[in-house]
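Trainee: Pasting run-v5.cif here (mmCIF, C-alpha atoms):
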data_final
loop_
_atom_site.label_atom_id
_atom_site.label_comp_id
_atom_site.auth_asym_id
_atom_site.auth_seq_id
_atom_site.Cartn_x
_atom_site.Cartn_y
_atom_site.Cartn_z
CA MET W 1 92.83 211.48 156.87
CA LYS W 2 92.22 210.38 153.34
CA HIS W 3 94.62 210.21 150.44
CA ARG W 4 93.59 210.68 146.88
CA SER W 5 96.73 209.73 144.99
CA PRO W 6 96.13 205.92 145.13
CA LEU W 7 92.75 206.53 143.55
CA VAL W 8 94.43 208.56 140.84
CA THR W 9 96.81 205.65 140.29
CA LEU W 10 93.86 203.26 140.07
CA ALA W 11 92.09 205.51 137.61
CA ALA W 12 95.23 205.83 135.49
CA VAL W 13 95.56 202.05 135.35
CA ALA W 14 91.90 201.69 134.44
CA VAL W 15 92.32 204.26 131.66
CA ALA W 16 95.43 202.43 130.41
CA PHE W 17 93.39 199.21 130.24
CA ILE W 18 90.62 200.92 128.31
CA ILE W 19 93.09 202.48 125.85
CA MET W 20 94.82 199.16 125.23
CA PHE W 21 91.50 197.39 124.69
CA THR W 22 90.26 200.10 122.35
CA VAL W 23 93.45 200.00 120.30
CA ASN W 24 93.18 196.22 120.10
CA MET W 25 89.57 196.33 118.96
CA LEU W 26 90.34 198.95 116.33
CA VAL W 27 93.18 197.00 114.76
CA SER W 28 91.60 193.54 114.95
CA PRO W 29 91.00 191.91 111.60
CA PRO W 30 87.62 192.82 110.08
CA GLY W 31 84.85 190.55 111.22
CA GLY W 32 86.92 189.30 114.10
CA SER W 33 85.13 191.15 116.86
CA SER W 34 81.61 191.15 115.47
CA ALA W 35 81.19 187.62 114.17
CA GLU W 36 83.48 186.03 116.78
CA PRO W 37 83.85 182.63 115.19
CA ALA W 38 85.60 180.86 118.01
CA GLY W 39 87.72 177.81 117.81
CA PRO W 40 86.24 174.73 119.42
CA SER W 41 88.89 174.43 122.11
CA THR W 42 88.52 177.99 123.35
CA ALA W 43 84.78 178.32 123.46
CA PRO W 44 83.01 177.33 126.65
CA ALA W 45 80.87 174.28 125.99
CA THR W 46 77.64 176.08 126.78
CA SER W 47 78.12 178.75 124.15
CA ALA W 48 78.96 176.37 121.32
CA PRO W 49 75.38 175.78 120.10
CA ALA W 50 74.61 179.49 120.28
CA GLN W 51 77.68 180.20 118.21
CA GLN W 52 76.68 177.75 115.53
CA THR W 53 73.27 179.30 115.20
CA THR W 54 74.62 182.82 114.97
CA SER W 55 77.19 181.97 112.35
CA ALA W 56 74.59 180.01 110.39
CA ALA W 57 72.20 182.93 110.57
CA ALA W 58 74.83 185.48 109.71
CA THR W 59 76.15 183.64 106.67
CA PRO W 60 73.28 181.59 105.26
CA SER W 61 74.67 181.63 101.72
CA ALA W 62 78.29 180.93 102.47
CA SER W 63 77.70 177.63 104.17
CA THR W 64 80.12 175.47 102.23
CA SER W 65 83.67 176.12 101.19
CA GLU W 66 83.51 179.88 100.93
CA SER W 67 83.23 180.37 104.65
CA THR W 68 86.97 180.05 105.21
CA GLU W 69 87.41 183.73 105.95
CA ASP W 70 84.84 183.38 108.71
CA LYS W 71 86.98 180.83 110.47
CA THR W 72 89.80 181.42 112.84
CA PHE W 73 92.22 179.01 114.39
CA PRO W 74 91.43 177.43 117.71
CA ASN W 75 93.57 178.92 120.44
CA LYS W 76 95.73 175.81 120.59
CA ILE W 77 96.02 173.23 117.85
CA VAL W 78 98.60 171.16 116.02
CA TYR W 79 98.24 169.98 112.42
CA ALA W 80 100.40 167.25 110.95
CA GLY W 81 100.56 165.23 107.77
CA ARG W 82 102.53 164.47 104.66
CA THR W 83 103.02 166.81 101.76
CA ASP W 84 100.95 166.09 98.66
CA ASP W 85 104.01 164.82 96.76
CA LYS W 86 104.97 162.64 99.77
CA SER W 87 108.41 164.21 99.81
CA GLY W 88 108.20 164.86 103.52
CA ALA W 89 106.08 165.51 106.53
CA ILE W 90 104.92 168.80 107.89
CA ALA W 91 103.57 169.87 111.26
CA VAL W 92 102.15 173.24 112.18
CA ALA W 93 101.51 174.22 115.80
CA VAL W 94 99.32 177.21 116.58
CA LEU W 95 99.04 178.83 119.98
CA GLY W 96 97.14 182.08 120.21
CA ASP W 97 98.54 184.38 117.55
CA GLN W 98 101.80 182.48 117.26
CA ALA W 99 102.63 179.58 115.01
CA ALA W 100 105.58 177.25 114.56
CA ALA W 101 106.11 174.65 111.89
CA TYR W 102 108.53 171.94 110.98
CA PHE W 103 109.12 170.36 107.62
CA CYS W 104 111.30 167.32 107.32
CA ASP W 105 111.93 164.54 104.84
CA GLY W 106 113.27 162.05 107.38
CA ARG W 107 116.75 161.96 105.88
CA SER W 108 118.47 165.26 105.28
CA ILE W 109 116.15 168.17 104.56
CA GLU W 110 114.48 169.95 107.40
CA SER W 111 113.35 173.42 108.35
CA TRP W 112 111.96 175.03 111.47
CA LEU W 113 109.65 177.91 110.70
CA ARG W 114 108.13 180.54 112.88
CA GLY W 115 105.43 183.12 112.31
CA THR W 116 102.12 184.61 113.25
CA VAL W 117 98.45 183.97 112.77
CA GLN W 118 96.13 186.42 111.05
CA ALA W 119 92.54 185.17 111.33
CA ALA W 120 92.47 182.05 109.11
CA ASP W 121 95.91 182.55 107.57
CA ILE W 122 99.39 181.83 108.77
CA ALA W 123 102.68 182.91 107.29
CA LEU W 124 105.92 181.49 108.58
CA LYS W 125 109.55 181.63 107.68
CA SER W 126 112.77 180.08 108.85
CA ASN W 127 116.14 181.58 109.56
CA ASP W 128 117.53 180.03 106.39
CA GLY W 129 114.89 181.50 104.11
CA ALA W 130 112.28 178.76 103.87
CA THR W 131 108.69 179.97 103.85
CA LEU W 132 105.31 178.46 104.56
CA GLN W 133 101.91 179.90 103.80
CA ALA W 134 98.71 178.17 104.82
CA SER W 135 95.04 178.83 105.40
CA LEU W 136 92.23 177.07 107.16
CA ASP W 137 90.02 175.15 104.76
CA GLY W 138 87.21 173.73 106.82
CA ASP W 139 89.05 171.65 109.41
CA HIS W 140 92.09 171.17 107.18
CA LEU W 141 95.11 173.33 106.92
CA LYS W 142 96.00 173.88 103.29
CA GLY W 143 99.11 175.57 102.02
CA THR W 144 102.54 175.56 100.50
CA VAL W 145 106.01 175.20 101.90
CA LYS W 146 109.04 176.38 99.96
CA ILE W 147 112.51 175.19 100.88
CA LYS W 148 115.51 176.01 98.71
CA ASN W 149 113.36 176.60 95.60
CA ASP W 150 111.50 173.35 96.14
CA ARG W 151 107.79 173.90 96.53
CA SER W 152 105.48 171.37 98.15
CA LYS W 153 101.77 171.63 98.63
CA PHE W 154 100.06 170.10 101.61
CA GLU W 155 96.64 169.60 103.08
CA ILE W 156 96.89 168.35 106.65
CA ASP W 157 94.54 167.69 109.55
CA GLU W 158 94.62 168.15 113.27
CA ALA W 159 97.07 165.87 115.07
CA LYS W 160 95.79 164.90 118.49
CA LYS W 161 98.26 163.82 121.14
CA PRO W 162 100.37 161.73 121.16
CA ALA W 163 100.60 162.80 117.52
CA GLY W 164 102.07 166.22 116.94
CA LEU W 165 105.35 168.06 116.77
CA TYR W 166 108.26 167.36 119.11
CA ARG W 167 111.70 168.79 119.49
CA ALA W 168 114.74 167.97 121.59
CA ARG W 169 117.70 170.24 121.92
CA GLY W 170 121.08 169.57 123.45
CA SER W 171 124.38 171.38 123.32
CA LYS W 172 125.33 169.69 120.06
CA THR W 173 122.23 168.07 118.68
CA THR W 174 118.77 169.23 117.73
CA ILE W 175 116.13 166.69 116.83
CA GLY W 176 112.70 167.26 115.40
CA TRP W 177 109.92 164.71 115.10
CA ILE W 178 106.56 164.80 113.45
CA VAL W 179 104.37 162.12 114.91
CA LEU W 180 101.43 161.39 112.62
CA GLU W 181 97.96 160.31 113.60
CA ASP W 182 98.66 156.73 112.49
CA GLY W 183 101.62 156.61 114.89
CA SER W 184 104.35 156.80 112.28
CA GLN W 185 107.17 159.26 112.82
CA VAL W 186 109.28 161.40 110.56
CA GLY W 187 112.27 163.06 112.14
CA ILE W 188 115.80 164.29 111.70
CA GLN W 189 118.61 164.81 114.09
CA THR W 190 121.11 167.51 113.28
CA ALA W 191 124.52 168.11 114.83
CA ALA W 192 126.51 170.95 113.28
CA ALA W 193 126.06 170.37 109.54
CA ASP W 194 125.28 166.65 109.72
CA SER W 195 121.74 165.43 109.52
CA ALA W 196 120.45 161.91 109.95
CA ALA W 197 117.22 160.14 110.64
CA ALA W 198 116.04 160.75 114.18
CA PRO W 199 115.96 157.99 116.79
CA GLU W 200 112.55 156.56 117.64
CA LEU W 201 110.56 158.80 119.95
CA ASN W 202 108.18 157.46 122.53
CA PRO W 203 105.83 160.39 123.17
CA GLU W 204 104.85 158.87 126.50
CA SER W 205 108.40 158.95 127.88
CA PRO W 206 110.17 161.43 125.63
CA GLN W 207 113.82 160.74 126.42
CA VAL W 208 116.36 159.98 123.76
CA THR W 209 120.10 159.71 123.54
CA ALA W 210 121.99 161.32 120.68
CA ASN W 211 125.75 161.81 120.28
CA GLY W 212 126.23 160.79 123.90
CA GLU W 213 123.78 163.33 125.24
CA SER W 214 120.56 162.48 126.98
CA LEU W 215 117.86 164.78 125.65
CA ASP W 216 114.27 165.50 126.61
CA ALA W 217 111.87 165.87 123.74
CA LYS W 218 109.23 168.53 124.24
CA PRO W 219 106.02 169.07 122.36
CA ILE W 220 106.07 172.27 120.31
CA ASN W 221 103.00 174.39 120.94
CA GLY W 222 103.64 177.26 118.57
CA ASP W 223 105.05 180.07 120.67
CA GLU W 224 108.56 178.71 121.17
CA ASP W 225 111.69 180.36 119.96
CA LEU W 226 113.11 177.99 117.40
CA MET Q 1 88.35 192.87 182.82
CA THR Q 2 86.59 195.30 180.59
CA SER Q 3 87.47 198.20 182.81
CA VAL Q 4 91.21 197.62 182.45
CA PRO Q 5 92.45 199.12 179.21
CA VAL Q 6 95.17 197.10 177.55
CA PRO Q 7 98.02 199.25 176.29
CA ALA Q 8 98.47 198.69 172.63
CA SER Q 9 102.21 198.29 172.98
CA GLU Q 10 101.79 195.29 175.28
CA ALA Q 11 99.23 193.56 173.16
CA PRO Q 12 100.55 193.30 169.63
CA THR Q 13 97.50 191.44 168.42
CA ALA Q 14 95.10 194.09 169.66
CA GLU Q 15 94.54 196.97 167.32
CA PRO Q 16 95.19 200.48 168.53
CA SER Q 17 92.04 202.42 169.08
CA GLY Q 18 90.94 204.43 166.12
CA THR Q 19 91.61 201.78 163.49
CA LYS Q 20 88.69 200.63 161.44
CA ILE Q 21 88.31 197.24 159.84
CA GLY Q 22 85.27 198.25 157.78
CA PRO Q 23 87.12 200.04 154.98
CA VAL Q 24 89.55 197.11 154.72
CA VAL Q 25 86.63 194.73 154.26
CA ILE Q 26 85.15 197.00 151.63
CA ALA Q 27 88.51 197.26 149.85
CA PHE Q 28 88.78 193.47 149.93
CA VAL Q 29 85.29 193.06 148.49
CA VAL Q 30 85.98 195.56 145.70
CA GLY Q 31 89.31 193.89 144.90
CA SER Q 32 87.64 190.48 144.83
CA ALA Q 33 84.97 191.82 142.51
CA VAL Q 34 87.67 193.09 140.14
CA SER Q 35 89.35 189.66 140.15
CA ILE Q 36 86.10 187.87 139.46
CA GLY Q 37 85.14 190.39 136.80
CA LEU Q 38 88.42 189.89 134.96
CA GLY Q 39 88.04 186.12 135.16
CA VAL Q 40 84.47 186.21 133.85
CA TYR Q 41 85.47 188.53 131.02
CA GLY Q 42 88.45 186.33 130.14
CA ARG Q 43 86.22 183.26 130.05
CA LEU Q 44 83.24 184.70 128.18
CA HIS Q 45 85.05 186.92 125.69
CA THR Q 46 86.06 184.83 122.71
CA PRO Q 47 89.83 185.10 122.41
CA THR Q 48 90.75 186.72 119.15
CA GLY Q 49 94.10 184.99 118.93
CA TYR Q 50 95.30 188.36 117.80
CA ALA Q 51 96.37 191.57 119.46
CA VAL Q 52 98.52 194.56 118.81
CA ASN Q 53 102.13 193.60 118.87
CA ILE Q 54 104.63 195.80 120.55
CA ALA Q 55 107.11 196.95 117.98
CA GLY Q 56 110.71 195.99 118.17
CA PHE Q 57 110.38 192.43 119.36
CA SER Q 58 110.71 189.20 117.46
CA ASN Q 59 107.23 188.10 118.51
CA GLY Q 60 104.40 188.74 120.93
CA PRO Q 61 105.50 186.35 123.67
CA ALA Q 62 109.04 187.78 123.65
CA ALA Q 63 107.67 191.29 124.07
CA LYS Q 64 105.40 190.14 126.88
CA ALA Q 65 108.22 188.29 128.61
CA PHE Q 66 110.43 191.37 128.39
CA LEU Q 67 107.80 193.73 129.78
CA ALA Q 68 106.76 191.28 132.49
CA SER Q 69 110.39 190.94 133.55
CA ILE Q 70 110.69 194.72 133.89
CA VAL Q 71 107.58 194.62 136.07
CA MET Q 72 109.09 191.83 138.15
CA ALA Q 73 112.32 193.80 138.63
CA LEU Q 74 110.34 196.86 139.72
CA ALA Q 75 108.35 194.65 142.09
CA ILE Q 76 111.58 193.54 143.75
CA LEU Q 77 112.43 197.22 144.14
CA GLN Q 78 108.98 197.55 145.68
CA ILE Q 79 109.59 195.05 148.45
CA VAL Q 80 113.06 196.46 149.14
CA THR Q 81 111.77 200.03 149.49
CA ALA Q 82 108.76 198.81 151.48
CA MET Q 83 111.10 197.09 153.93
CA GLY Q 84 113.00 200.37 154.20
CA ILE Q 85 109.80 202.30 154.90
CA TYR Q 86 108.88 199.81 157.62
CA GLY Q 87 112.39 199.96 159.11
CA ARG Q 88 113.19 196.31 158.45
CA ILE Q 89 116.32 197.18 156.54
CA PRO Q 90 118.53 200.25 156.92
CA LEU Q 91 117.18 202.15 153.97
CA ARG Q 92 116.26 205.66 154.96
CA GLY Q 93 115.83 208.97 153.27
CA ALA Q 94 113.22 211.20 151.82
CA TRP Q 95 113.58 209.43 148.48
CA VAL Q 96 112.50 205.97 149.65
CA SER Q 97 108.74 206.57 149.74
CA PRO Q 98 108.56 208.43 146.42
CA LEU Q 99 110.70 205.73 144.85
CA HIS Q 100 108.29 203.09 146.19
CA ARG Q 101 105.28 204.95 144.86
CA TRP Q 102 106.63 205.79 141.43
CA SER Q 103 108.28 202.44 140.75
CA GLY Q 104 104.97 200.84 141.70
CA ARG Q 105 103.00 203.06 139.36
CA LEU Q 106 105.43 202.40 136.56
CA ALA Q 107 105.31 198.65 137.22
CA VAL Q 108 101.54 198.40 137.10
CA LEU Q 109 101.33 200.59 133.99
CA ILE Q 110 103.88 198.42 132.18
CA SER Q 111 101.91 195.35 133.19
CA VAL Q 112 98.77 196.62 131.45
CA PRO Q 113 99.72 195.86 127.82
CA VAL Q 114 100.82 192.39 128.89
CA ALA Q 115 97.56 191.73 130.72
CA VAL Q 116 95.45 193.11 127.89
CA HIS Q 117 97.23 190.86 125.42
CA CYS Q 118 96.55 187.87 127.69
CA LEU Q 119 92.91 188.78 128.19
CA TYR Q 120 92.08 189.93 124.71
CA ALA Q 121 94.03 187.52 122.55
CA LEU Q 122 94.19 184.43 124.74
CA GLY Q 123 91.52 184.63 127.44
CA PHE Q 124 91.08 182.63 130.61
CA GLN Q 125 92.20 179.15 129.60
CA THR Q 126 92.18 175.80 131.34
CA TYR Q 127 94.03 173.43 129.04
CA ASP Q 128 96.71 172.55 131.56
CA GLY Q 129 97.67 173.20 135.14
CA ARG Q 130 100.17 175.94 134.39
CA VAL Q 131 97.67 177.79 132.25
CA ILE Q 132 94.92 177.50 134.86
CA ALA Q 133 97.29 178.83 137.51
CA HIS Q 134 98.46 181.67 135.27
CA SER Q 135 94.88 182.66 134.43
CA LEU Q 136 93.85 182.60 138.09
CA PHE Q 137 96.89 184.57 139.26
CA GLY Q 138 96.37 187.14 136.53
CA CYS Q 139 92.87 187.87 137.79
CA PHE Q 140 94.07 187.72 141.38
CA PHE Q 141 96.91 190.19 140.79
CA TYR Q 142 94.73 193.09 139.65
CA GLY Q 143 92.20 192.41 142.40
CA ALA Q 144 95.00 192.51 144.96
CA PHE Q 145 96.30 195.71 143.40
CA VAL Q 146 92.89 197.37 143.72
CA PHE Q 147 92.67 196.11 147.33
CA LYS Q 148 96.03 197.69 148.11
CA MET Q 149 95.28 201.01 146.43
CA LEU Q 150 92.01 201.31 148.35
CA ILE Q 151 93.73 200.55 151.66
CA LEU Q 152 96.30 203.25 150.86
CA THR Q 153 93.59 205.89 150.69
CA ARG Q 154 93.07 205.76 154.47
CA ASP Q 155 95.34 206.12 157.47
CA ASP Q 156 93.02 204.39 159.91
CA SER Q 157 93.39 200.87 158.56
CA PRO Q 158 94.84 198.22 160.88
CA LYS Q 159 98.64 198.01 160.75
CA TRP Q 160 98.65 194.60 159.12
CA ALA Q 161 96.40 195.57 156.24
CA LEU Q 162 98.89 197.34 154.00
CA PRO Q 163 101.74 194.80 154.27
CA LEU Q 164 99.18 192.04 153.70
CA ALA Q 165 97.86 193.73 150.57
CA GLY Q 166 101.37 194.48 149.30
CA GLY Q 167 102.39 190.89 149.97
CA LEU Q 168 99.39 189.60 148.03
CA VAL Q 169 100.25 191.80 145.06
CA LEU Q 170 103.88 190.69 145.05
CA SER Q 171 102.99 187.01 145.50
CA GLY Q 172 100.50 187.22 142.66
CA LEU Q 173 103.03 188.85 140.37
CA THR Q 174 105.74 186.33 141.25
CA ALA Q 175 103.39 183.47 140.49
CA LEU Q 176 102.47 185.13 137.18
CA TRP Q 177 106.10 185.60 136.25
CA ILE Q 178 106.97 182.00 137.07
CA THR Q 179 104.00 180.48 135.24
CA GLY Q 180 104.44 182.87 132.31
CA VAL Q 181 107.93 184.16 131.68
CA LEU Q 182 109.99 181.45 133.34
CA TYR Q 183 107.98 178.81 131.50
CA PHE Q 184 108.44 180.74 128.26
CA LEU Q 185 112.21 180.98 128.81
CA VAL Q 186 112.96 177.40 129.85
CA ALA Q 187 110.34 175.38 127.99
#
For this file, produce the structure as structure tokens.

Mentor:
Amino acid sequence: MKHRSPLVTLAAVAVAFIIMFTVNMLVSPPGGSSAEPAGPSTAPATSAPAQQTTSAAATPSASTSESTEDKTFPNKIVYAGRTDDKSGAIAVAVLGDQAAAYFCDGRSIESWLRGTVQAADIALKSNDGATLQASLDGDHLKGTVKIKNDRSKFEIDEAKKPAGLYRARGSKTTIGWIVLEDGSQVGIQTAAADSAAAPELNPESPQVTANGESLDAKPINGDEDL
Amino acid sequence: MTSVPVPASEAPTAEPSGTKIGPVVIAFVVGSAVSIGLGVYGRLHTPTGYAVNIAGFSNGPAAKAFLASIVMALAILQIVTAMGIYGRIPLRGAWVSPLHRWSGRLAVLISVPVAVHCLYALGFQTYDGRVIAHSLFGCFFYGAFVFKMLILTRDDSPKWALPLAGGLVLSGLTALWITGVLYFLVA
């Protein structure tokens, strides 16, 4: 004896897949599905040369700085650097369509921001009202962060491990670190309303002690709840 | 030797006459092809880093974790009702089989938006062990599901085939949940 209902179930699942894919393709940002400018970390190595030739052929005129809207973020990347006015450091972690950022001056002002990626643009905000807008500019990330009516511009580059953004969280204390490419660190530890400079972080063995608690620092990838 | 028929009840490893292994092999091949197809698509398709968000959640990963957890809960209901159907636990009644079927259908349908988001926005990735495992299990899960559905279409499959297929589906889903949602919640 044969049963047909499992096949109906299979067909229904297949249809659901097709509908979801179609909806996704229809709402994707313009140019996203046709030009497919992939980030370097997501593209298989073999397709990289082919991609370069297609994008060069497709946009022969916009080869220099105007090609920003052609670019999208790599699937996983962290940018870090100092703000243009050197008032603090900023790190932005992107994972898929999610992004997280941390601004901190190393003494008292800090903000954790969270948001989403739209093609080459990211927009993030924090629970306390800080905002960050940035766009890809070649390999740099260029943008503005606004915290309590203070605006800082930045233009930062990719931070390869061990550089990047780290965070440790205990029952009382939260610590954030931005580790820059040159190895220097900017961080703040916060317990209740008190903020102070963060203890030194060793990215290789990320354990620190703060206010009597032993904490594990974790790299922030971009999709965490902050 | 060959002239003495072995009663099926005395030889648990021997299959009762009338069962066919062929359709199980075919179902396995089709399921494997689905797994491989998903993996190839996930690898070749350039991830968009973008997909439709499901309204009402703070962000994409939270929505995915929520939906995947519903699927996981339904999957636990699946193994409980399956054990009832097979008489392993005292769970009887005309409602057990329909509950198994419909909770399963609901589970796999809810899993689709999650899987499409993974495939479309993120793709098959290999940047660390967890991600490799999650990508592999994701492809495996839908292949195992197809395998199980195809086995269900026939009554003449060997007795072990359906529990094996169901076990593969549940194992795949559990591994997906651990490498996806649990990681998302604790990390």

Trainee: Find the residues around region 18-24 of chain Q up to 6 Å (all atoms listed in the file counted), leave out those fewer than 4 positions away in its own chain, and share them as a PDB file with C-alpha atoms, in the frame of the given file.

Mentor:
ATOM      1  CA  ASP Q 156      93.020 204.390 159.910  1.00  0.00           C
ATOM      2  CA  SER Q 157      93.390 200.870 158.560  1.00  0.00           C
ATOM      3  CA  PRO Q 158      94.840 198.220 160.880  1.00  0.00           C
TER       4      PRO Q 158
END

Trainee: Produce a table with one row for each residue of chain W that has an atom at most 6 Å from any atom of chain Q, each row naming the nearest atom pair and its distance in Å at one decimal; use all atoms listed in the file; arrange rows by chain and rising residue number; format as CSV.

Mentor:
residue,atom,partner,partner_atom,distance
W:Met1,CA,Q:Asp155,CA,5.9
W:Lys2,CA,Q:Arg154,CA,4.8
W:His3,CA,Q:Thr153,CA,4.4
W:Pro6,CA,Q:Met149,CA,5.1
W:Asn24,CA,Q:Ala51,CA,5.7
W:Gly96,CA,Q:Gly49,CA,4.4
W:Asp97,CA,Q:Gly49,CA,4.7

Trainee: Kindly export the residues of the current selection with C-alpha atoms, as a PDB file, in the frame of the given file.

Mentor:
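Everything below was put into part29.pdb:
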ATOM      1  CA  MET W   1      92.830 211.480 156.870  1.00  0.00           C
ATOM      2  CA  LYS W   2      92.220 210.380 153.340  1.00  0.00           C
ATOM      3  CA  HIS W   3      94.620 210.210 150.440  1.00  0.00           C
ATOM      4  CA  PRO W   6      96.130 205.920 145.130  1.00  0.00           C
ATOM      5  CA  ASN W  24      93.180 196.220 120.100  1.00  0.00           C
ATOM      6  CA  GLY W  96      97.140 182.080 120.210  1.00  0.00           C
ATOM      7  CA  ASP W  97      98.540 184.380 117.550  1.00  0.00           C
TER       8      ASP W  97
END

Trainee: With the PyMOL selection byres ((chain W and resi 226) around 7) as the selection, what would be picked from this file? Answer as number ranges by chain, please.

Mentor: W: 112, 224-225

Trainee: Would you mind telling me which residue in Q:Ile70, Q:Ala107, Q:Leu162, Q:Leu99 lies nearest to Tyr86 (chain Q) when using all atoms listed in the file?

Mentor: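 Ranked by minimum distance to Tyr86 (chain Q), first place goes to Q:Leu162.
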
Trainee: Counting only C-alpha atoms, figure out which residue out of W:Leu7, W:Ala80, W:Ala16, W:Ala193 gets nearest to Trp177 (chain W).

Mentor: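 Using only C-alpha atoms, Trp177 (chain W) sits closest to W:Ala80.
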
Trainee: Quick one, how far is CA of Leu170 (chain Q) from CA of Val40 (chain Q)?

Mentor: 22.9 Å

Trainee: Work out how far CA of Lys76 (chain W) is from CA of Ala93 (chain W), in Å to one decimal.

Mentor: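 A separation of 7.7 Å between them.
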
Trainee: Write out as a ChimeraX atom specification which residues come within 12 Å of Ile36 (chain Q) when counting only C-alpha atoms, dropping same-chain ones fewer than 4 positions away.

Mentor: /Q:29-32,40-43,124,135-144

Trainee: With all atoms listed in the file as the counted atoms, please give the residues lying no more than 8 Å from Pro219 (chain W), apart from itself and same-chain residues fewer than 4 positions off, as an mmCIF file with C-alpha atoms, in the coordinates of the input.

Mentor:
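As written to disk, result-v3.cif reads:
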data_model
loop_
_atom_site.group_PDB
_atom_site.id
_atom_site.type_symbol
_atom_site.label_atom_id
_atom_site.label_comp_id
_atom_site.auth_asym_id
_atom_site.auth_seq_id
_atom_site.Cartn_x
_atom_site.Cartn_y
_atom_site.Cartn_z
ATOM 1 C CA GLY W 164 102.070 166.220 116.940
ATOM 2 C CA LEU W 165 105.350 168.060 116.770
ATOM 3 C CA TYR W 166 108.260 167.360 119.110
ATOM 4 C CA ARG W 167 111.700 168.790 119.490
#

Trainee: What is the distance between CA of Ala165 (chain Q) and CA of Ile19 (chain W), in Å to one decimal?

Mentor: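 Those two atoms sit 26.7 Å apart.
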
Trainee: So that I can check the surroundings of region 125-133 of chain W, please list as a list in words every protein, DNA and RNA residue that reaches within 6 Å of it, counting only C-alpha atoms and ignoring chain neighbours fewer than 5 positions away.

Mentor: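 Here the answer would be Trp112, Leu113, Arg114, Gly143, Thr144, Val145, Lys146 and Ile147 of chain W.
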
Trainee: Write out as a ChimeraX atom specification which residues come within 12 Å of Val186 (chain W) when counting all atoms listed in the file, dropping same-chain ones fewer than 6 positions away.

Mentor: /W:80-82,86-91,102-110,163-167,175-180,196-201

Trainee: Give as a ChimeraX atom specification the residues that the PyMOL selection byres ((chain Q and resi 173) around 9) matches when applied to the coordinates above.

Mentor: /Q:71-72,75,137-138,141,168-172,174-178

Trainee: Expanded to explicit residues, what is the PyMOL selection byres ((chain W and resi 192) around 12) for this file, as number ranges by chain?

Mentor: W: 170-175, 189-191, 193-196, 211

Trainee: Please identify all polymer residues lying at most 9 Å from the point (99.9, 181.7, 111.6) (file coordinates), using all atoms listed in the file, and present the result as an NGL selection string.

Mentor: :W and (73 or 92-95 or 97-100 or 114-124 or 133-135)

Trainee: Could you add N, CA, C and O atoms to region 65-74 of chain Q and give me the result as a PDB file, in the frame of the given file?

Mentor:
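Wrote it out as selection_12.pdb, contents follow:
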ATOM      1  N   ALA Q  65     107.259 188.772 127.619  1.00  0.00           N
ATOM      2  CA  ALA Q  65     108.220 188.290 128.610  1.00  0.00           C
ATOM      3  C   ALA Q  65     109.148 189.423 129.041  1.00  0.00           C
ATOM      4  O   ALA Q  65     109.471 189.569 130.227  1.00  0.00           O
ATOM      5  N   PHE Q  66     109.536 190.252 128.077  1.00  0.00           N
ATOM      6  CA  PHE Q  66     110.430 191.370 128.390  1.00  0.00           C
ATOM      7  C   PHE Q  66     109.737 192.361 129.316  1.00  0.00           C
ATOM      8  O   PHE Q  66     110.277 192.750 130.362  1.00  0.00           O
ATOM      9  N   LEU Q  67     108.526 192.764 128.952  1.00  0.00           N
ATOM     10  CA  LEU Q  67     107.800 193.730 129.780  1.00  0.00           C
ATOM     11  C   LEU Q  67     107.508 193.157 131.164  1.00  0.00           C
ATOM     12  O   LEU Q  67     107.684 193.829 132.180  1.00  0.00           O
ATOM     13  N   ALA Q  68     107.091 191.898 131.200  1.00  0.00           N
ATOM     14  CA  ALA Q  68     106.760 191.280 132.490  1.00  0.00           C
ATOM     15  C   ALA Q  68     108.004 191.201 133.368  1.00  0.00           C
ATOM     16  O   ALA Q  68     107.916 191.309 134.595  1.00  0.00           O
ATOM     17  N   SER Q  69     109.164 191.019 132.756  1.00  0.00           N
ATOM     18  CA  SER Q  69     110.390 190.940 133.550  1.00  0.00           C
ATOM     19  C   SER Q  69     110.764 192.315 134.110  1.00  0.00           C
ATOM     20  O   SER Q  69     111.286 192.405 135.223  1.00  0.00           O
ATOM     21  N   ILE Q  70     110.485 193.376 133.344  1.00  0.00           N
ATOM     22  CA  ILE Q  70     110.690 194.720 133.890  1.00  0.00           C
ATOM     23  C   ILE Q  70     109.781 194.918 135.108  1.00  0.00           C
ATOM     24  O   ILE Q  70     110.198 195.422 136.147  1.00  0.00           O
ATOM     25  N   VAL Q  71     108.525 194.488 134.963  1.00  0.00           N
ATOM     26  CA  VAL Q  71     107.580 194.620 136.070  1.00  0.00           C
ATOM     27  C   VAL Q  71     108.084 193.852 137.285  1.00  0.00           C
ATOM     28  O   VAL Q  71     108.052 194.343 138.418  1.00  0.00           O
ATOM     29  N   MET Q  72     108.594 192.644 137.040  1.00  0.00           N
ATOM     30  CA  MET Q  72     109.090 191.830 138.150  1.00  0.00           C
ATOM     31  C   MET Q  72     110.276 192.511 138.831  1.00  0.00           C
ATOM     32  O   MET Q  72     110.366 192.532 140.067  1.00  0.00           O
ATOM     33  N   ALA Q  73     111.166 193.102 138.042  1.00  0.00           N
ATOM     34  CA  ALA Q  73     112.320 193.800 138.630  1.00  0.00           C
ATOM     35  C   ALA Q  73     111.852 194.980 139.475  1.00  0.00           C
ATOM     36  O   ALA Q  73     112.341 195.203 140.591  1.00  0.00           O
ATOM     37  N   LEU Q  74     110.871 195.731 138.955  1.00  0.00           N
ATOM     38  CA  LEU Q  74     110.340 196.860 139.720  1.00  0.00           C
ATOM     39  C   LEU Q  74     109.650 196.369 140.988  1.00  0.00           C
ATOM     40  O   LEU Q  74     109.688 197.034 142.028  1.00  0.00           O
TER      41      LEU Q  74
END
